[in-house]
>>> print(open('work-v3.pdb').read())   # PDB, C-alpha atoms (C1' of nucleotides)
ATOM      1  CA  MET B 257       0.000   0.000   0.000
ATOM      2  CA  LYS B 258       0.905   3.558   0.100
ATOM      3  CA  HIS B 259       0.973   4.310   3.777
ATOM      4  CA  LYS B 260       3.913   4.250   6.040
ATOM      5  CA  SER B 261       4.562   0.819   7.435
ATOM      6  CA  PHE B 262       2.987   0.045  10.765
ATOM      7  CA  ALA B 263       5.788  -2.353  11.637
ATOM      8  CA  LYS B 264       7.198  -0.139  14.355
ATOM      9  CA  GLU B 265       3.910   0.865  15.876
ATOM     10  CA  THR B 266       3.486   0.329  19.565
ATOM     11  CA  CYS B 267      -0.096  -0.725  18.917
ATOM     12  CA  ALA B 268      -0.451  -4.442  18.397
ATOM     13  CA  ILE B 269      -3.447  -3.956  16.137
ATOM     14  CA  ALA B 270      -1.528  -1.708  13.803
ATOM     15  CA  ARG B 271       1.329  -4.164  13.678
ATOM     16  CA  SER B 272      -1.034  -7.007  12.946
ATOM     17  CA  LEU B 273      -2.581  -5.055  10.139
ATOM     18  CA  ASN B 274       0.863  -4.534   8.763
ATOM     19  CA  VAL B 275       1.310  -8.281   8.439
ATOM     20  CA  VAL B 276      -2.160  -9.506   7.799
ATOM     21  CA  GLY B 277      -3.936  -6.484   6.430
ATOM     22  CA  GLU B 278      -3.245  -7.195   2.799
ATOM     23  CA  TRP B 279      -6.438  -8.224   1.155
ATOM     24  CA  TRP B 280      -5.513 -11.703   0.142
ATOM     25  CA  ASN B 281      -3.521 -12.768   3.143
ATOM     26  CA  LEU B 282      -6.332 -13.776   5.422
ATOM     27  CA  LEU B 283      -8.099 -15.552   2.611
ATOM     28  CA  ILE B 284      -4.978 -17.510   1.835
ATOM     29  CA  VAL B 285      -4.715 -18.424   5.497
ATOM     30  CA  ARG B 286      -8.343 -19.447   5.440
ATOM     31  CA  GLU B 287      -7.628 -21.801   2.560
ATOM     32  CA  ALA B 288      -4.636 -23.157   4.411
ATOM     33  CA  PHE B 289      -6.962 -23.981   7.289
ATOM     34  CA  SER B 290      -9.148 -25.796   4.795
ATOM     35  CA  GLY B 291      -6.226 -28.042   4.036
ATOM     36  CA  ILE B 292      -5.080 -26.382   0.844
ATOM     37  CA  THR B 293      -1.329 -26.601   0.440
ATOM     38  CA  LYS B 294      -0.502 -26.263  -3.231
ATOM     39  CA  PHE B 295       0.043 -23.242  -5.403
ATOM     40  CA  ALA B 296      -2.394 -24.307  -8.073
ATOM     41  CA  ASP B 297      -5.112 -25.028  -5.544
ATOM     42  CA  PHE B 298      -4.812 -21.663  -3.843
ATOM     43  CA  GLN B 299      -4.898 -20.071  -7.243
ATOM     44  CA  LYS B 300      -7.964 -21.899  -8.444
ATOM     45  CA  ARG B 301      -9.969 -21.546  -5.265
ATOM     46  CA  LEU B 302      -9.231 -17.873  -4.771
ATOM     47  CA  GLY B 303      -9.159 -16.730  -8.366
ATOM     48  CA  ILE B 304      -6.082 -14.684  -7.557
ATOM     49  CA  ALA B 305      -3.555 -13.765 -10.230
ATOM     50  CA  ARG B 306      -0.574 -16.088 -10.275
ATOM     51  CA  ASN B 307       2.100 -13.463  -9.842
ATOM     52  CA  ILE B 308       0.249 -11.944  -6.926
ATOM     53  CA  LEU B 309      -0.131 -15.323  -5.331
ATOM     54  CA  THR B 310       3.612 -15.805  -5.632
ATOM     55  CA  VAL B 311       4.269 -12.560  -3.819
ATOM     56  CA  ARG B 312       1.667 -13.182  -1.153
ATOM     57  CA  LEU B 313       2.854 -16.701  -0.425
ATOM     58  CA  ARG B 314       6.437 -15.547  -0.189
ATOM     59  CA  GLN B 315       5.486 -12.786   2.190
ATOM     60  CA  LEU B 316       3.480 -15.133   4.357
ATOM     61  CA  VAL B 317       6.456 -17.477   4.516
ATOM     62  CA  ASP B 318       8.787 -14.594   5.335
ATOM     63  CA  ASP B 319       6.441 -13.506   8.067
ATOM     64  CA  GLY B 320       6.455 -16.965   9.544
ATOM     65  CA  ILE B 321       2.800 -17.667   8.910
ATOM     66  CA  LEU B 322       3.281 -20.363   6.325
ATOM     67  CA  GLN B 323       6.170 -22.760   5.953
ATOM     68  CA  THR B 324       7.350 -24.852   3.081
ATOM     69  CA  GLY B 325      10.073 -27.252   2.059
ATOM     70  CA  LYS B 326      12.743 -28.056   4.584
ATOM     71  CA  ASN B 327      11.098 -26.089   7.373
ATOM     72  CA  GLY B 328       7.714 -27.657   7.000
ATOM     73  CA  GLY B 329       6.227 -30.460   5.008
ATOM     74  CA  GLU B 330       7.058 -31.433   1.482
ATOM     75  CA  ARG B 331       8.594 -29.193  -1.068
ATOM     76  CA  PHE B 332       5.853 -27.272  -2.858
ATOM     77  CA  GLU B 333       3.599 -27.543   0.120
ATOM     78  CA  TYR B 334       2.535 -24.567   2.139
ATOM     79  CA  THR B 335       1.395 -25.340   5.646
ATOM     80  CA  LEU B 336       0.526 -23.174   8.589
ATOM     81  CA  THR B 337       3.035 -22.518  11.324
ATOM     82  CA  ASP B 338       1.956 -22.099  14.948
ATOM     83  CA  LYS B 339       1.975 -18.382  14.374
ATOM     84  CA  GLY B 340      -0.254 -18.855  11.375
ATOM     85  CA  ARG B 341      -2.561 -21.219  13.156
ATOM     86  CA  ASP B 342      -3.017 -18.644  15.873
ATOM     87  CA  LEU B 343      -4.719 -16.431  13.331
ATOM     88  CA  ILE B 344      -7.735 -18.643  13.787
ATOM     89  CA  TYR B 345      -9.000 -16.296  16.471
ATOM     90  CA  THR B 346      -8.975 -13.403  14.064
ATOM     91  CA  LEU B 347     -10.637 -15.490  11.380
ATOM     92  CA  VAL B 348     -13.309 -16.673  13.768
ATOM     93  CA  ALA B 349     -13.960 -13.147  14.946
ATOM     94  CA  MET B 350     -14.311 -11.845  11.416
ATOM     95  CA  SER B 351     -16.384 -14.779  10.350
ATOM     96  CA  GLN B 352     -18.809 -14.372  13.216
ATOM     97  CA  TRP B 353     -19.038 -10.638  12.733
ATOM     98  CA  GLY B 354     -19.719 -11.084   9.046
ATOM     99  CA  SER B 355     -22.288 -13.779   9.640
ATOM    100  CA  LYS B 356     -24.111 -11.623  12.109
ATOM    101  CA  TRP B 357     -24.090  -8.329  10.276
ATOM    102  CA  LEU B 358     -23.538  -8.803   6.562
ATOM    103  CA  PHE B 359     -26.092 -11.351   5.494
ATOM    104  CA  THR B 360     -29.380  -9.569   5.177
ATOM    105  CA  SER B 361     -31.270 -12.553   3.869
ATOM    106  CA  GLY B 362     -30.558 -15.643   5.881
ATOM    107  CA  LYS B 363     -27.407 -16.869   7.434
ATOM    108  CA  PRO B 364     -24.500 -18.286   5.517
ATOM    109  CA  SER B 365     -23.923 -21.963   5.932
ATOM    110  CA  PRO B 366     -21.441 -22.582   8.705
ATOM    111  CA  ARG B 367     -17.975 -23.301   7.462
ATOM    112  CA  LEU B 368     -15.997 -22.949  10.642
ATOM    113  CA  VAL B 369     -16.582 -25.990  12.755
ATOM    114  CA  ASP B 370     -15.321 -28.079  15.613
ATOM    115  CA  LYS B 371     -13.272 -30.854  14.037
ATOM    116  CA  GLN B 372     -14.648 -33.471  16.366
ATOM    117  CA  ASP B 373     -18.311 -33.146  15.657
ATOM    118  CA  LEU B 374     -18.362 -30.751  12.691
ATOM    119  CA  LEU B 375     -20.694 -28.436  14.547
ATOM    120  CA  GLU B 376     -20.406 -24.687  14.392
ATOM    121  CA  LEU B 377     -18.388 -22.985  17.100
ATOM    122  CA  SER B 378     -20.074 -20.912  19.742
ATOM    123  CA  SER B 379     -19.630 -17.165  19.722
ATOM    124  CA  LEU B 380     -16.420 -15.693  21.005
ATOM    125  CA  GLN B 381     -16.669 -14.126  24.406
ATOM    126  CA  LEU B 382     -14.595 -11.452  26.012
ATOM    127  CA  ARG B 383     -13.492 -12.265  29.497
ATOM    128  CA  SER B 384     -11.836 -10.274  32.194
ATOM    129  CA  ARG B 385      -8.875 -11.549  34.100
ATOM    130  CA  ASN B 386     -11.140 -13.209  36.622
ATOM    131  CA  GLY B 387     -13.266 -14.913  34.009
ATOM    132  CA  ARG B 388     -16.252 -12.597  34.054
ATOM    133  CA  ILE B 389     -17.875 -12.380  30.645
ATOM    134  CA  LEU B 390     -17.767  -8.898  29.180
ATOM    135  CA  GLY B 391     -20.048  -7.286  26.656
ATOM    136  CA  ASN B 392     -18.848  -5.296  23.691
ATOM    137  CA  ASN B 393     -19.254  -2.139  25.703
ATOM    138  CA  ASP B 394     -17.380  -3.223  28.796
ATOM    139  CA  VAL B 395     -14.018  -2.886  27.133
ATOM    140  CA  GLU B 396     -11.887   0.163  26.763
ATOM    141  CA  PHE B 397      -8.849   1.176  24.814
ATOM    142  CA  LEU B 398      -6.500   3.209  26.884
ATOM    143  CA  LYS B 399      -5.361   6.402  25.244
ATOM    144  CA  THR B 400      -1.811   5.872  26.333
ATOM    145  CA  HIS B 401       0.598   7.669  24.105
ATOM    146  CA  GLY B 402      -1.415  10.365  22.478
ATOM    147  CA  LYS B 403      -0.412   8.903  19.166
ATOM    148  CA  HIS B 404      -1.432   5.374  18.197
TER     149      HIS B 404
ATOM    150  CA  MET O 281      -8.563  -1.787  -4.462
ATOM    151  CA  LYS O 282      -8.365  -3.461  -7.697
ATOM    152  CA  HIS O 283      -9.930  -6.786  -6.989
ATOM    153  CA  LYS O 284     -13.479  -7.761  -7.511
ATOM    154  CA  SER O 285     -15.665  -6.870  -4.570
ATOM    155  CA  PHE O 286     -16.201  -9.582  -2.031
ATOM    156  CA  ALA O 287     -19.616  -8.222  -1.151
ATOM    157  CA  LYS O 288     -21.448 -11.131  -2.699
ATOM    158  CA  GLU O 289     -19.194 -13.848  -1.376
ATOM    159  CA  THR O 290     -20.805 -16.639   0.531
ATOM    160  CA  CYS O 291     -17.873 -16.621   2.908
ATOM    161  CA  ALA O 292     -18.413 -14.378   5.888
ATOM    162  CA  ILE O 293     -14.709 -13.680   6.195
ATOM    163  CA  ALA O 294     -14.472 -12.406   2.661
ATOM    164  CA  ARG O 295     -17.486 -10.194   3.197
ATOM    165  CA  SER O 296     -16.035  -8.835   6.385
ATOM    166  CA  LEU O 297     -12.811  -8.044   4.619
ATOM    167  CA  ASN O 298     -14.816  -6.189   2.066
ATOM    168  CA  VAL O 299     -16.132  -3.863   4.752
ATOM    169  CA  VAL O 300     -13.331  -3.737   7.210
ATOM    170  CA  GLY O 301     -10.336  -4.748   5.161
ATOM    171  CA  GLU O 302      -9.327  -1.248   4.198
ATOM    172  CA  TRP O 303      -6.207  -0.325   6.040
ATOM    173  CA  TRP O 304      -7.476   2.574   8.007
ATOM    174  CA  ASN O 305     -10.898   1.298   8.907
ATOM    175  CA  LEU O 306      -9.982  -0.848  11.869
ATOM    176  CA  LEU O 307      -7.682   1.822  13.206
ATOM    177  CA  ILE O 308     -10.443   4.376  12.999
ATOM    178  CA  VAL O 309     -12.719   1.986  14.839
ATOM    179  CA  ARG O 310      -9.998   1.482  17.422
ATOM    180  CA  GLU O 311      -9.863   5.221  17.976
ATOM    181  CA  ALA O 312     -13.621   5.326  18.248
ATOM    182  CA  PHE O 313     -13.361   2.758  21.016
ATOM    183  CA  SER O 314     -10.874   5.055  22.696
ATOM    184  CA  GLY O 315     -13.542   7.688  22.819
ATOM    185  CA  ILE O 316     -12.437   9.739  19.856
ATOM    186  CA  THR O 317     -15.386  11.287  18.086
ATOM    187  CA  LYS O 318     -14.170  14.305  16.159
ATOM    188  CA  PHE O 319     -12.677  14.643  12.716
ATOM    189  CA  ALA O 320      -9.667  16.614  13.838
ATOM    190  CA  ASP O 321      -8.891  14.152  16.601
ATOM    191  CA  PHE O 322      -9.004  11.147  14.323
ATOM    192  CA  GLN O 323      -6.807  13.009  11.930
ATOM    193  CA  LYS O 324      -4.217  14.013  14.470
ATOM    194  CA  ARG O 325      -4.011  10.689  16.255
ATOM    195  CA  LEU O 326      -3.810   8.612  13.103
ATOM    196  CA  GLY O 327      -1.792  10.925  10.930
ATOM    197  CA  ILE O 328      -4.128  10.132   8.048
ATOM    198  CA  ALA O 329      -4.624  12.545   5.185
ATOM    199  CA  ARG O 330      -7.730  14.659   5.586
ATOM    200  CA  ASN O 331      -9.370  13.747   2.321
ATOM    201  CA  ILE O 332      -8.822  10.073   3.002
ATOM    202  CA  LEU O 333     -10.287  10.425   6.447
ATOM    203  CA  THR O 334     -13.355  12.028   4.909
ATOM    204  CA  VAL O 335     -13.835   9.090   2.589
ATOM    205  CA  ARG O 336     -13.186   6.487   5.261
ATOM    206  CA  LEU O 337     -15.545   8.078   7.758
ATOM    207  CA  ARG O 338     -18.261   8.344   5.166
ATOM    208  CA  GLN O 339     -17.832   4.722   4.218
ATOM    209  CA  LEU O 340     -17.934   3.618   7.828
ATOM    210  CA  VAL O 341     -21.142   5.571   8.324
ATOM    211  CA  ASP O 342     -22.615   4.109   5.144
ATOM    212  CA  ASP O 343     -21.704   0.655   6.336
ATOM    213  CA  GLY O 344     -23.444   1.279   9.623
ATOM    214  CA  ILE O 345     -20.336   1.073  11.751
ATOM    215  CA  LEU O 346     -20.256   4.684  12.799
ATOM    216  CA  GLN O 347     -23.146   7.068  13.206
ATOM    217  CA  THR O 348     -23.335  10.804  13.334
ATOM    218  CA  GLY O 349     -25.754  13.677  13.607
ATOM    219  CA  LYS O 350     -29.425  12.846  13.792
ATOM    220  CA  ASN O 351     -28.879   9.101  13.992
ATOM    221  CA  GLY O 352     -26.344   9.228  16.747
ATOM    222  CA  GLY O 353     -24.948  11.832  19.066
ATOM    223  CA  GLU O 354     -24.191  15.430  18.263
ATOM    224  CA  ARG O 355     -23.558  16.791  14.855
ATOM    225  CA  PHE O 356     -19.874  16.427  14.033
ATOM    226  CA  GLU O 357     -19.556  13.491  16.333
ATOM    227  CA  TYR O 358     -18.815  10.006  15.136
ATOM    228  CA  THR O 359     -19.817   7.256  17.491
ATOM    229  CA  LEU O 360     -19.916   3.504  17.172
ATOM    230  CA  THR O 361     -23.117   1.703  16.359
ATOM    231  CA  ASP O 362     -23.891  -1.741  17.754
ATOM    232  CA  LYS O 363     -22.535  -3.196  14.565
ATOM    233  CA  GLY O 364     -19.380  -1.204  15.007
ATOM    234  CA  ARG O 365     -19.037  -2.092  18.648
ATOM    235  CA  ASP O 366     -19.253  -5.748  17.708
ATOM    236  CA  LEU O 367     -15.960  -5.342  15.905
ATOM    237  CA  ILE O 368     -14.362  -5.448  19.322
ATOM    238  CA  TYR O 369     -13.949  -9.187  18.948
ATOM    239  CA  THR O 370     -11.937  -8.755  15.792
ATOM    240  CA  LEU O 371      -9.865  -6.015  17.372
ATOM    241  CA  VAL O 372      -9.184  -8.100  20.435
ATOM    242  CA  ALA O 373      -8.181 -11.058  18.309
ATOM    243  CA  MET O 374      -5.787  -8.986  16.247
ATOM    244  CA  SER O 375      -4.428  -7.220  19.256
ATOM    245  CA  GLN O 376      -3.706 -10.441  21.087
ATOM    246  CA  TRP O 377      -2.179 -12.056  18.025
ATOM    247  CA  GLY O 378       0.058  -9.067  17.463
ATOM    248  CA  SER O 379       1.080  -8.909  21.092
ATOM    249  CA  LYS O 380       2.007 -12.536  21.088
ATOM    250  CA  TRP O 381       3.856 -12.743  17.794
ATOM    251  CA  LEU O 382       5.062  -9.355  16.660
ATOM    252  CA  PHE O 383       6.946  -7.927  19.582
ATOM    253  CA  THR O 384      10.330  -9.538  19.639
ATOM    254  CA  SER O 385      11.640  -7.498  22.513
ATOM    255  CA  GLY O 386       9.177  -7.310  25.348
ATOM    256  CA  LYS O 387       5.437  -7.024  25.280
ATOM    257  CA  PRO O 388       3.564  -3.888  24.358
ATOM    258  CA  SER O 389       1.820  -2.154  27.186
ATOM    259  CA  PRO O 390      -1.745  -3.363  27.417
ATOM    260  CA  ARG O 391      -4.208  -0.985  25.886
ATOM    261  CA  LEU O 392      -7.275  -3.135  25.727
ATOM    262  CA  VAL O 393      -8.709  -3.422  29.180
ATOM    263  CA  ASP O 394     -11.750  -4.273  31.211
ATOM    264  CA  LYS O 395     -13.493  -0.972  31.922
ATOM    265  CA  GLN O 396     -14.250  -1.890  35.490
ATOM    266  CA  ASP O 397     -10.778  -2.552  36.769
ATOM    267  CA  LEU O 398      -8.604  -1.427  33.847
ATOM    268  CA  LEU O 399      -6.909  -4.799  33.754
ATOM    269  CA  GLU O 400      -5.978  -6.523  30.533
ATOM    270  CA  LEU O 401      -8.465  -8.991  29.103
ATOM    271  CA  SER O 402      -7.749 -12.673  29.157
ATOM    272  CA  SER O 403      -7.029 -14.475  25.909
ATOM    273  CA  LEU O 404      -9.862 -15.321  23.608
ATOM    274  CA  GLN O 405     -10.854 -18.944  23.625
ATOM    275  CA  LEU O 406     -12.563 -21.007  21.009
ATOM    276  CA  ARG O 407     -15.410 -23.060  22.317
ATOM    277  CA  SER O 408     -17.487 -25.776  20.836
ATOM    278  CA  ARG O 409     -21.242 -25.831  21.069
ATOM    279  CA  ASN O 410     -21.064 -27.649  24.373
ATOM    280  CA  GLY O 411     -18.537 -25.270  25.878
ATOM    281  CA  ARG O 412     -15.433 -27.388  25.480
ATOM    282  CA  ILE O 413     -12.385 -25.210  24.926
ATOM    283  CA  LEU O 414     -10.745 -25.794  21.571
ATOM    284  CA  GLY O 415      -7.162 -25.263  20.518
ATOM    285  CA  ASN O 416      -6.136 -23.548  17.313
ATOM    286  CA  ASN O 417      -5.848 -26.920  15.671
ATOM    287  CA  ASP O 418      -9.217 -28.298  16.679
ATOM    288  CA  VAL O 419     -11.069 -26.152  14.223
ATOM    289  CA  GLU O 420     -11.749 -26.805  10.609
ATOM    290  CA  PHE O 421     -12.990 -24.862   7.643
ATOM    291  CA  LEU O 422     -15.316 -26.927   5.558
ATOM    292  CA  LYS O 423     -14.505 -26.938   1.885
ATOM    293  CA  THR O 424     -18.091 -26.515   0.905
ATOM    294  CA  HIS O 425     -18.439 -24.919  -2.446
ATOM    295  CA  GLY O 426     -15.187 -25.552  -4.195
ATOM    296  CA  LYS O 427     -14.877 -21.826  -4.618
ATOM    297  CA  HIS O 428     -14.644 -19.550  -1.597
TER     298      HIS O 428
ATOM    299  C1'  DC Y 287       3.060 -28.508 -12.003
ATOM    300  C1'  DG Y 288       5.108 -24.388  -9.702
ATOM    301  C1'  DG Y 289       6.297 -20.670 -10.420
ATOM    302  C1'  DT Y 290       8.695 -15.837 -12.987
ATOM    303  C1'  DA Y 291       8.690 -11.920 -15.918
ATOM    304  C1'  DT Y 292       6.288  -8.191 -18.224
ATOM    305  C1'  DC Y 293       3.108  -4.800 -19.000
ATOM    306  C1'  DC Y 294      -0.661  -2.138 -17.696
ATOM    307  C1'  DC Y 295      -4.380  -0.210 -14.792
ATOM    308  C1'  DT Y 296      -6.560   1.465 -10.869
ATOM    309  C1'  DG Y 297      -7.712   3.150  -6.647
ATOM    310  C1'  DA Y 298      -5.795   4.139  -2.075
ATOM    311  C1'  DA Y 299      -3.252   7.345   0.034
ATOM    312  C1'  DG Y 300      -0.464  11.847   0.568
ATOM    313  C1'  DA Y 301       0.012  16.998   0.270
ATOM    314  C1'  DT Y 302      -2.056  21.031   0.229
ATOM    315  C1'  DA Y 303      -5.089  24.807  -0.798
ATOM    316  C1'  DC Y 304      -9.558  26.104  -0.191
ATOM    317  C1'  DT Y 305     -14.622  26.702   1.709
ATOM    318  C1'  DG Y 306     -18.507  27.254   5.069
TER     319       DG Y 306
ATOM    320  C1'  DC S  21     -13.363  23.330  13.360
ATOM    321  C1'  DA S  22     -15.203  20.121   9.657
ATOM    322  C1'  DG S  23     -14.734  19.127   5.893
ATOM    323  C1'  DT S  24     -14.091  19.449   0.128
ATOM    324  C1'  DA S  25     -11.355  19.800  -4.157
ATOM    325  C1'  DT S  26      -7.401  18.968  -6.893
ATOM    326  C1'  DC S  27      -3.292  16.984  -8.214
ATOM    327  C1'  DT S  28       0.153  13.410  -7.879
ATOM    328  C1'  DT S  29       2.291   9.214  -6.744
ATOM    329  C1'  DC S  30       2.785   4.481  -6.064
ATOM    330  C1'  DA S  31       2.125  -0.257  -4.766
ATOM    331  C1'  DG S  32      -1.350  -3.880  -5.217
ATOM    332  C1'  DG S  33      -3.516  -6.298  -8.385
ATOM    333  C1'  DG S  34      -4.990  -8.445 -13.145
ATOM    334  C1'  DA S  35      -3.698 -10.761 -17.605
ATOM    335  C1'  DT S  36      -0.792 -13.396 -19.894
ATOM    336  C1'  DA S  37       3.294 -15.353 -21.849
ATOM    337  C1'  DC S  38       7.027 -17.820 -20.601
ATOM    338  C1'  DC S  39      10.461 -21.131 -18.060
ATOM    339  C1'  DG S  40      12.527 -25.375 -15.519
TER     340       DG S  40
END
>>> encode(input="work-v3.pdb", output="C-alpha cells")
Amino acid sequence: MKHKSFAKETCAIARSLNVVGEWWNLLIVREAFSGITKFADFQKRLGIARNILTVRLRQLVDDGILQTGKNGGERFEYTLTDKGRDLIYTLVAMSQWGSKWLFTSGKPSPRLVDKQDLLELSSLQLRSRNGRILGNNDVEFLKTHGKH
Amino acid sequence: MKHKSFAKETCAIARSLNVVGEWWNLLIVREAFSGITKFADFQKRLGIARNILTVRLRQLVDDGILQTGKNGGERFEYTLTDKGRDLIYTLVAMSQWGSKWLFTSGKPSPRLVDKQDLLELSSLQLRSRNGRILGNNDVEFLKTHGKH
DNA sequence: CGGTATCCCTGAAGATACTG
DNA sequence: CAGTATCTTCAGGGATACCG
C-alpha cells in the first residue's frame, strides 16, 4: 500500500494489520486452514492472479505464517506454522461478525466448525482476568501515548 | 482496491474483509473505542490525510459502523453503532495475536482493558457448542463450495 | 506442475489549498 | 473546526506469456 509501514507501531493492532492487512492474506490463510497446500489449488480456489499469489505466499512465509520445504512439510507444500494457526481467532472473529451483520437474507452456511463433531463454534466471548464475561461495551482502549 | 468486490461472497470472512479490510478502517474503529469522536482528533491521532479520512468516515457511516448527527450523538460526532461495537472481537483477536507474535523485545503495554478494573483482558478462547475449549488446531474450515 | 517476468491499470493514500 | 477539491504518486492487483 501507500501508507507508512505500521511495523514499528506500539499498537499491536496496527502491527497485525501490517502483516495480515493485505487483502488476500487472510483468505490464503483461510484456505490453508481448509487443508489447501498447493500453489495451483490456492490459485484456483481464490481466483487470484498467479504473480500476486507468488508474492503473497512468499510474504506469508517470510512472516512466519506459512512454511514450506525443509522447514515444514514437502517441497511445494505450504502449511501453517503455529503463528499462522493462531490467526484462527482473528478469522473466527471476522467470520462471526460477518455472519451476524452482513447477510441480510438468511445466514450463511457454517464453514468454521469443531473438528470433532463438525458443529459450528459458539460465539467468542470477552473475558476479564477473573473470568467474568464482558459485553462489547465493557471494554476500553486506553489512550496511552497520544499517538497510536 | 483493484480486486473484484467480495460483497457477494458466501464466505463471511471475505465479506467482512470487504467492509473492514481497508487499512485505516480498523484503526479508525480502534480510535472510536478510545472515545475519539471528532474529525480533527481522528486526523491528528492517526496521521491520516484529511481527504482520506473524509472518505473512510463516510464509508464507515454508510456501512453502519459509525453514526453521526441525527442518527447518533451530536452533529460532528462520530460514534460507534452496535454493529461497530461488535468489531471489538476482531480487534481483540488482532491485538492479542500481534502482542504474542510481533513484539520480539518485550510485550507492548496493554491498551485493551476491562473498563471496570482497567486490567488486561484474558485471551480469547474457542469453544465448541457444548462449551469445550478448543485449541487452534481443533477447528476446521469446511470446503463446501469448491470456490470460496 | 510451480512458479517468474512483463506490461498495464486502478484506486488508495499523501500533500495542500480552499470553503462554510 | 469540519470538511471538500485537486493533483500526484505508487504499490497492489490483473492478464498473460514464458520457463525449468
>>> axis_aligned_box(input="work-v3.pdb", around="range 25-33 of chain S", padding_each_side="3 Å", output="lines of an AutoDock Vina configuration file")
center_x = -4.3
center_y = 6.8
center_z = -6.3
size_x = 20.1
size_y = 32.1
size_z = 10.2
>>> interface_residues(input="work-v3.pdb", of="chain S", to="chain O", cutoff="12 Å", atoms="all atoms listed in the file", output="ChimeraX atom specification")
/S:21-26,31-34
>>> interface_residues(input="work-v3.pdb", of="chain O", to="chain B", cutoff="7 Å", atoms="only C-alpha atoms", output="MDAnalysis selection string")
chainID O and resid 290 292:293 295:296 301 303 313:314 325:326 363 365:371 373:375 377:379 381 388 391:395 400:402 404:409 416 418:423 426:428
>>> interface_residues(input="work-v3.pdb", of="chain Y", to="chain O", cutoff="7 Å", atoms="only C-alpha atoms (C1' of nucleotides)", output="list of chain:residue names")
Y:DT296, Y:DG297, Y:DA298, Y:DA299, Y:DG300
>>> closest_residue(input="work-v3.pdb", among="B:Val285, B:Gln315, B:Ser261, B:Gln299", to="Thr337 in chain B", atoms="only C-alpha atoms")
B:Val285
>>> residues_around(input="work-v3.pdb", residues="Thr359 in chain O", least_positions_apart="3", cutoff="7 Å", atoms="only C-alpha atoms (C1' of nucleotides)", output="list in words")
Ala312, Thr317, Leu346, Gln347, Thr348 and Gly352 of chain O
>>> resolve_selection(input="work-v3.pdb", expression="the PyMOL selection byres ((chain S and resi 38) around 12)", output="MDAnalysis selection string")
(chainID Y and resid 289:292) or (chainID S and resid 36:37 39:40)
>>> residues_around(input="work-v3.pdb", residues="DC27 in chain S", least_positions_apart="5", cutoff="12 Å", atoms="all atoms listed in the file", output="PDB file with C-alpha atoms (C1' of nucleotides), keeping the file's coordinate frame")
ATOM      1  C1'  DG Y 300      -0.464  11.847   0.568  1.00  0.00           C
ATOM      2  C1'  DA Y 301       0.012  16.998   0.270  1.00  0.00           C
ATOM      3  C1'  DT Y 302      -2.056  21.031   0.229  1.00  0.00           C
ATOM      4  C1'  DA Y 303      -5.089  24.807  -0.798  1.00  0.00           C
TER       5       DA Y 303
END
>>> atom_distance(input="work-v3.pdb", atom1="CA of Asp321 in chain O", atom2="CA of Phe262 in chain B")
19.3 Å
>>> atom_distance(input="work-v3.pdb", atom1="CA of Tyr334 in chain B", atom2="CA of Val317 in chain B")
8.4 Å
>>> atom_distance(input="work-v3.pdb", atom1="CA of Arg312 in chain B", atom2="CA of Ile284 in chain B")
8.5 Å
>>> build_atoms(input="work-v3.pdb", residues="range 301-312 of chain O", atoms="N, CA and C atoms", output="mmCIF file, keeping the file's coordinate frame")
data_model
loop_
_atom_site.group_PDB
_atom_site.id
_atom_site.type_symbol
_atom_site.label_atom_id
_atom_site.label_comp_id
_atom_site.auth_asym_id
_atom_site.auth_seq_id
_atom_site.Cartn_x
_atom_site.Cartn_y
_atom_site.Cartn_z
ATOM 1 N N GLY O 301 -11.680 -4.425 5.597
ATOM 2 C CA GLY O 301 -10.336 -4.748 5.161
ATOM 3 C C GLY O 301 -9.484 -3.533 4.815
ATOM 4 N N GLU O 302 -10.120 -2.426 4.492
ATOM 5 C CA GLU O 302 -9.327 -1.248 4.198
ATOM 6 C C GLU O 302 -8.436 -0.917 5.377
ATOM 7 N N TRP O 303 -7.225 -0.573 5.045
ATOM 8 C CA TRP O 303 -6.207 -0.325 6.040
ATOM 9 C C TRP O 303 -6.647 0.504 7.217
ATOM 10 N N TRP O 304 -7.221 1.635 6.922
ATOM 11 C CA TRP O 304 -7.476 2.574 8.007
ATOM 12 C C TRP O 304 -8.707 2.224 8.823
ATOM 13 N N ASN O 305 -9.601 1.468 8.253
ATOM 14 C CA ASN O 305 -10.898 1.298 8.907
ATOM 15 C C ASN O 305 -10.802 0.782 10.337
ATOM 16 N N LEU O 306 -10.049 -0.279 10.527
ATOM 17 C CA LEU O 306 -9.982 -0.848 11.869
ATOM 18 C C LEU O 306 -9.281 0.095 12.844
ATOM 19 N N LEU O 307 -8.358 0.873 12.318
ATOM 20 C CA LEU O 307 -7.682 1.822 13.206
ATOM 21 C C LEU O 307 -8.608 2.964 13.593
ATOM 22 N N ILE O 308 -9.447 3.352 12.673
ATOM 23 C CA ILE O 308 -10.443 4.376 12.999
ATOM 24 C C ILE O 308 -11.409 3.835 14.045
ATOM 25 N N VAL O 309 -11.814 2.600 13.863
ATOM 26 C CA VAL O 309 -12.719 1.986 14.839
ATOM 27 C C VAL O 309 -12.025 1.880 16.201
ATOM 28 N N ARG O 310 -10.766 1.531 16.175
ATOM 29 C CA ARG O 310 -9.998 1.482 17.422
ATOM 30 C C ARG O 310 -10.036 2.837 18.127
ATOM 31 N N GLU O 311 -9.818 3.891 17.377
ATOM 32 C CA GLU O 311 -9.863 5.221 17.976
ATOM 33 C C GLU O 311 -11.248 5.536 18.512
ATOM 34 N N ALA O 312 -12.255 5.103 17.782
ATOM 35 C CA ALA O 312 -13.621 5.326 18.248
ATOM 36 C C ALA O 312 -13.840 4.627 19.588
#
